[in-house]
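To start, the structure itself, in C-alpha cells.
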Amino acid sequence: MQSLKEISCDPVCGFMIRSHEEREVLDGAVKHVKHAHPDMKLTEKDIKTKMKTVK
Ligand SMILES: [Zn+2]
C-alpha cells in the first residue's frame with residue numbers, strides 16, 4: 001500500500017490535507033495558501049518541505 005502524505009498548516013489555521021497522491025496534497029496546500037494566506041508568499045518548494053509521510 002502506498003504511504004499517506006500530509007501537509008498541515010499552522011495550528012492557528014488548522015488546515016490539514018492528506019492523500020495517497022503527493023500531487024494532490026501539494027496542489028491542495030498551494031491552493032489553500034493562496035486563498036487563506038496570500039501574505040505568506042510560499043512557493044511550491046517551500047510548501048513541499050512541510051510534507052510528511054503518515055504511517
Ligand atoms: Zn492555513
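Residues are referred to by chain and number: the chain letter is A, B, ... according to the order shown in the C-alpha cells, the number counts from 1 in that chain, and ligands are numbered separately from 1 in the order shown.
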
Enumerate, in order of chain and increasing residue number, the residues of chain A with an atom no farther than 6 Å from ligand 1, each with its shortest atom pair and distance in Å to one decimal, counting only C-alpha atoms and all ligand atoms, as JSON lines.
```
{"residue": "A:Cys9", "atom": "CA", "partner": "ligand 1", "partner_atom_place_in_ligand_line": "1 (Zn)", "distance": 4.6}
{"residue": "A:Cys13", "atom": "CA", "partner": "ligand 1", "partner_atom_place_in_ligand_line": "1 (Zn)", "distance": 4.6}
{"residue": "A:Phe15", "atom": "CA", "partner": "ligand 1", "partner_atom_place_in_ligand_line": "1 (Zn)", "distance": 5.1}
{"residue": "A:Ala36", "atom": "CA", "partner": "ligand 1", "partner_atom_place_in_ligand_line": "1 (Zn)", "distance": 5.8}
```

Item to complete: Within 9 Å of A:Leu26, counting only C-alpha atoms, which residues show up once you throw out same-chain ones fewer than 6 positions away? Write them as number ranges by chain, please.
Response: A: 6-7, 17, 44, 47-48, 51

Export of prior selection with N, CA and C atoms as a PDB file, in the first residue's frame:
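What ended up in part_28.pdb:
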```pdb
ATOM      1  N   GLU A   6       0.856  14.010   4.003  1.00  0.00           N
ATOM      2  CA  GLU A   6       0.086  15.011   4.739  1.00  0.00           C
ATOM      3  C   GLU A   6       0.817  16.349   4.767  1.00  0.00           C
ATOM      4  N   ILE A   7       0.054  17.426   4.633  1.00  0.00           N
ATOM      5  CA  ILE A   7       0.609  18.763   4.851  1.00  0.00           C
ATOM      6  C   ILE A   7      -0.332  19.471   5.803  1.00  0.00           C
ATOM      7  N   ILE A  17      -4.288  18.616   4.977  1.00  0.00           N
ATOM      8  CA  ILE A  17      -4.710  17.840   3.807  1.00  0.00           C
ATOM      9  C   ILE A  17      -3.904  16.548   3.750  1.00  0.00           C
ATOM     10  N   GLU A  44       5.865  26.660  -4.074  1.00  0.00           N
ATOM     11  CA  GLU A  44       5.507  25.246  -4.031  1.00  0.00           C
ATOM     12  C   GLU A  44       6.627  24.448  -3.356  1.00  0.00           C
ATOM     13  N   ILE A  47       6.394  24.795   0.373  1.00  0.00           N
ATOM     14  CA  ILE A  47       5.271  24.003   0.868  1.00  0.00           C
ATOM     15  C   ILE A  47       5.630  22.517   0.879  1.00  0.00           C
ATOM     16  N   LYS A  48       6.385  22.118  -0.102  1.00  0.00           N
ATOM     17  CA  LYS A  48       6.782  20.708  -0.197  1.00  0.00           C
ATOM     18  C   LYS A  48       7.625  20.273   1.005  1.00  0.00           C
ATOM     19  N   MET A  51       5.710  18.720   3.789  1.00  0.00           N
ATOM     20  CA  MET A  51       5.021  17.457   3.576  1.00  0.00           C
ATOM     21  C   MET A  51       5.605  16.344   4.447  1.00  0.00           C
TER      22      MET A  51
END
```

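You can rank A:Met1, A:Val25, A:Lys34, A:Val12 by their closest distance to A:Lys52 using only C-alpha atoms, and at the top of that list sits A:Val25.
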
Fill in: Secondary structure check, alpha helix (DSSP H) residues of chain A, as a PyMOL selection string
chain A and resi 22-36+44-48

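Minimum atom-to-atom distances from A:Lys41, A:Lys50, A:Lys55, A:Lys5 to A:Glu22 were compared using only C-alpha atoms, and the lowest value belongs to A:Lys5.
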